[in-house]
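What's in protein.cif: mmCIF, C-alpha atoms
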data_coords
#
loop_
_atom_site.label_atom_id
_atom_site.label_comp_id
_atom_site.auth_asym_id
_atom_site.auth_seq_id
_atom_site.Cartn_x
_atom_site.Cartn_y
_atom_site.Cartn_z
CA MET A 1 10.19 5.23 -4.05
CA ASP A 2 10.16 2.22 -1.77
CA ILE A 3 7.51 -0.45 -1.20
CA ALA A 4 5.90 1.24 1.80
CA ALA A 5 5.70 4.58 -0.01
CA ARG A 6 4.13 3.00 -3.12
CA PHE A 7 1.57 1.16 -1.00
CA GLY A 8 0.82 4.37 0.90
CA ASP A 9 0.30 6.30 -2.31
CA ASN A 10 -2.03 3.60 -3.66
CA LEU A 11 -3.98 3.56 -0.37
CA PHE A 12 -4.28 7.34 -0.31
CA HIS A 13 -5.65 7.48 -3.87
CA ALA A 14 -8.08 4.59 -3.26
CA ARG A 15 -9.35 6.25 -0.07
CA LYS A 16 -9.83 9.60 -1.80
CA ALA A 17 -11.62 7.91 -4.72
CA ALA A 18 -13.97 6.28 -2.20
CA GLY A 19 -14.62 9.68 -0.61
CA LEU A 20 -13.56 8.53 2.84
CA SER A 21 -11.60 10.24 5.59
CA GLN A 22 -8.85 8.36 7.37
CA GLU A 23 -11.17 8.05 10.36
CA GLU A 24 -14.01 6.61 8.24
CA LEU A 25 -11.66 4.13 6.59
CA GLY A 26 -10.31 3.15 10.00
CA PHE A 27 -13.82 2.53 11.28
CA ARG A 28 -14.81 0.46 8.23
CA SER A 29 -11.63 -1.61 8.31
CA GLY A 30 -11.38 -2.06 12.07
CA LEU A 31 -8.08 -0.15 12.17
CA HIS A 32 -7.20 2.97 14.10
CA ARG A 33 -7.04 6.27 12.20
CA THR A 34 -3.37 6.66 13.14
CA GLU A 35 -2.62 3.28 11.50
CA ILE A 36 -4.21 4.54 8.27
CA GLY A 37 -2.03 7.66 8.46
CA LEU A 38 1.14 5.65 9.04
CA LEU A 39 0.34 3.40 6.09
CA GLU A 40 -0.44 6.34 3.78
CA ARG A 41 2.80 8.11 4.73
CA GLY A 42 4.80 4.98 3.97
CA SER A 43 5.94 4.65 7.57
CA ARG A 44 4.59 1.12 7.83
CA ILE A 45 4.04 -1.88 5.55
CA PRO A 46 0.74 -3.69 6.13
CA ARG A 47 0.37 -7.32 7.08
CA ILE A 48 -1.72 -9.49 4.77
CA ASP A 49 -4.77 -9.30 7.06
CA THR A 50 -4.53 -5.50 7.08
CA LEU A 51 -4.34 -5.47 3.28
CA VAL A 52 -7.50 -7.57 3.08
CA LYS A 53 -9.33 -5.38 5.64
CA LEU A 54 -8.42 -2.21 3.74
CA SER A 55 -9.38 -3.58 0.33
CA GLY A 56 -12.70 -4.80 1.72
CA ALA A 57 -13.44 -1.47 3.40
CA LEU A 58 -12.62 0.37 0.16
CA SER A 59 -14.43 -2.15 -2.07
CA VAL A 60 -11.33 -2.56 -4.23
CA SER A 61 -9.17 -5.53 -5.11
CA PRO A 62 -6.05 -6.02 -2.97
CA LEU A 63 -4.21 -5.82 -6.30
CA GLU A 64 -5.20 -2.16 -6.57
CA LEU A 65 -3.45 -1.43 -3.29
CA ILE A 66 -0.23 -3.20 -4.33
CA ALA A 67 -0.23 -1.96 -7.93
CA GLY A 68 3.24 -1.12 -9.16
CA ILE A 69 5.03 -3.33 -6.63
CA GLU A 70 6.68 -6.31 -8.28
CA TRP A 71 9.22 -8.94 -7.33
CA SER A 72 12.05 -9.65 -9.74
CA PRO A 73 14.14 -12.75 -9.17
CA ALA A 74 17.87 -12.21 -9.41
CA SER A 75 20.34 -14.42 -11.23
CA THR A 76 21.58 -15.65 -7.84
CA LEU A 77 19.62 -16.97 -4.86
CA SER A 78 18.47 -13.52 -3.78
CA GLY A 79 16.04 -11.25 -5.56
CA GLY A 80 14.72 -7.79 -5.12
CA PHE A 81 11.60 -5.68 -5.30
CA ARG A 82 11.07 -3.33 -8.22
CA ILE A 83 8.80 -0.33 -7.92
CA GLU A 84 7.11 0.42 -11.22
CA GLY A 85 7.88 3.90 -12.50
CA ALA A 86 10.76 4.44 -10.05
CA ASP A 87 14.11 5.75 -11.26
CA PRO A 88 16.45 2.71 -11.38
CA ASP A 89 19.44 4.93 -10.48
CA GLU A 90 17.67 6.28 -7.39
CA ASP A 91 19.02 4.65 -4.22
#

Written as structure tokens, how would this file's structure read?
Amino acid sequence: MDIAARFGDNLFHARKAAGLSQEELGFRSGLHRTEIGLLERGSRIPRIDTLVKLSGALSVSPLELIAGIEWSPASTLSGGFRIEGADPDED
């Protein structure tokens, strides 16, 4: 699972828990329904302002929407993202 897919899964579950349709969430957050769909499908990674809009519209912490996405520094100058619960051999 990649970052966009994990975010999309988190967004989907938060939206369902709030009892909102994609259209209702779009209206509350000031985003178009198709943007919500793209985010939930993992086709797009949100900008920071979009993350804040979504968390506000859902009345959840932004941390809930990025749960399971962590940065791990490497032993060199580059690092990499780690998706919690993902198979490390999956690439």

Find the residues around range 7-10 of chain A up to 7 Å (only C-alpha atoms counted), leave out those fewer than 6 positions away in its own chain, and share them as a tab-separated table (two decimals) with C-alpha atoms, in the coordinates of the input.
chain	number	residue	atom	x	y	z
A	39	LEU	CA	0.34	3.40	6.09
A	40	GLU	CA	-0.44	6.34	3.78
A	41	ARG	CA	2.80	8.11	4.73
A	42	GLY	CA	4.80	4.98	3.97
A	65	LEU	CA	-3.45	-1.43	-3.29
A	66	ILE	CA	-0.23	-3.20	-4.33

**OP:** Name the residues in contact with Leu38 in chain A at a cut-off of 10 Å, using all atoms listed in the file, excluding same-chain residues fewer than 6 positions from it; report them as a PyMOL selection string.
**Re:** chain A and resi 4+8+44-46

Original post:
So how many Å separate CA of Ala57 in chain A and CA of Glu35 in chain A, to one decimal?
Top reply: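 The value is 14.3 Å.
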
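With CA of Ile3 in chain A on one side and CA of Phe27 in chain A on the other, the separation reads 24.9 Å.
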
Subject >> From A:Leu54, A:Ala5, A:Ile48, A:Leu63, residue lying nearest Arg28 in chain A [only C-alpha atoms] >> reply: A:Leu54

Please evaluate the PyMOL selection byres ((chain A and resi 15) around 12) against the displayed coordinates and give the resulting residues as a PDB file with C-alpha atoms, keeping the file's coordinate frame.
ATOM      1  CA  GLY A   8       0.820   4.370   0.900  1.00  0.00           C
ATOM      2  CA  ASP A   9       0.300   6.300  -2.310  1.00  0.00           C
ATOM      3  CA  ASN A  10      -2.030   3.600  -3.660  1.00  0.00           C
ATOM      4  CA  LEU A  11      -3.980   3.560  -0.370  1.00  0.00           C
ATOM      5  CA  PHE A  12      -4.280   7.340  -0.310  1.00  0.00           C
ATOM      6  CA  HIS A  13      -5.650   7.480  -3.870  1.00  0.00           C
ATOM      7  CA  ALA A  14      -8.080   4.590  -3.260  1.00  0.00           C
ATOM      8  CA  LYS A  16      -9.830   9.600  -1.800  1.00  0.00           C
ATOM      9  CA  ALA A  17     -11.620   7.910  -4.720  1.00  0.00           C
ATOM     10  CA  ALA A  18     -13.970   6.280  -2.200  1.00  0.00           C
ATOM     11  CA  GLY A  19     -14.620   9.680  -0.610  1.00  0.00           C
ATOM     12  CA  LEU A  20     -13.560   8.530   2.840  1.00  0.00           C
ATOM     13  CA  SER A  21     -11.600  10.240   5.590  1.00  0.00           C
ATOM     14  CA  GLN A  22      -8.850   8.360   7.370  1.00  0.00           C
ATOM     15  CA  GLU A  23     -11.170   8.050  10.360  1.00  0.00           C
ATOM     16  CA  GLU A  24     -14.010   6.610   8.240  1.00  0.00           C
ATOM     17  CA  LEU A  25     -11.660   4.130   6.590  1.00  0.00           C
ATOM     18  CA  GLY A  26     -10.310   3.150  10.000  1.00  0.00           C
ATOM     19  CA  ARG A  28     -14.810   0.460   8.230  1.00  0.00           C
ATOM     20  CA  SER A  29     -11.630  -1.610   8.310  1.00  0.00           C
ATOM     21  CA  ILE A  36      -4.210   4.540   8.270  1.00  0.00           C
ATOM     22  CA  GLY A  37      -2.030   7.660   8.460  1.00  0.00           C
ATOM     23  CA  LEU A  39       0.340   3.400   6.090  1.00  0.00           C
ATOM     24  CA  GLU A  40      -0.440   6.340   3.780  1.00  0.00           C
ATOM     25  CA  LEU A  54      -8.420  -2.210   3.740  1.00  0.00           C
ATOM     26  CA  SER A  55      -9.380  -3.580   0.330  1.00  0.00           C
ATOM     27  CA  GLY A  56     -12.700  -4.800   1.720  1.00  0.00           C
ATOM     28  CA  ALA A  57     -13.440  -1.470   3.400  1.00  0.00           C
ATOM     29  CA  LEU A  58     -12.620   0.370   0.160  1.00  0.00           C
ATOM     30  CA  SER A  59     -14.430  -2.150  -2.070  1.00  0.00           C
ATOM     31  CA  VAL A  60     -11.330  -2.560  -4.230  1.00  0.00           C
ATOM     32  CA  GLU A  64      -5.200  -2.160  -6.570  1.00  0.00           C
ATOM     33  CA  LEU A  65      -3.450  -1.430  -3.290  1.00  0.00           C
TER      34      LEU A  65
END

Subject >> Distance of CA of Ser72 in chain A from CA of Ser43 in chain A, expressed in Å to one decimal place >> reply: 23.3 Å

Subject >> Hits of the PyMOL selection byres ((chain A and resi 82) around 6) in this structure, as JSON, numbers by chain >> reply: {"A": [70, 71, 81, 83]}

First collect every listed atom of range 8-13 of chain A; then fit an axis-aligned box around them, widen it by 4 Å on each side, and give centre and edge lengths in Å to one decimal, as lines of an AutoDock Vina configuration file.
center_x = -2.4
center_y = 5.5
center_z = -1.5
size_x = 14.5
size_y = 11.9
size_z = 12.8
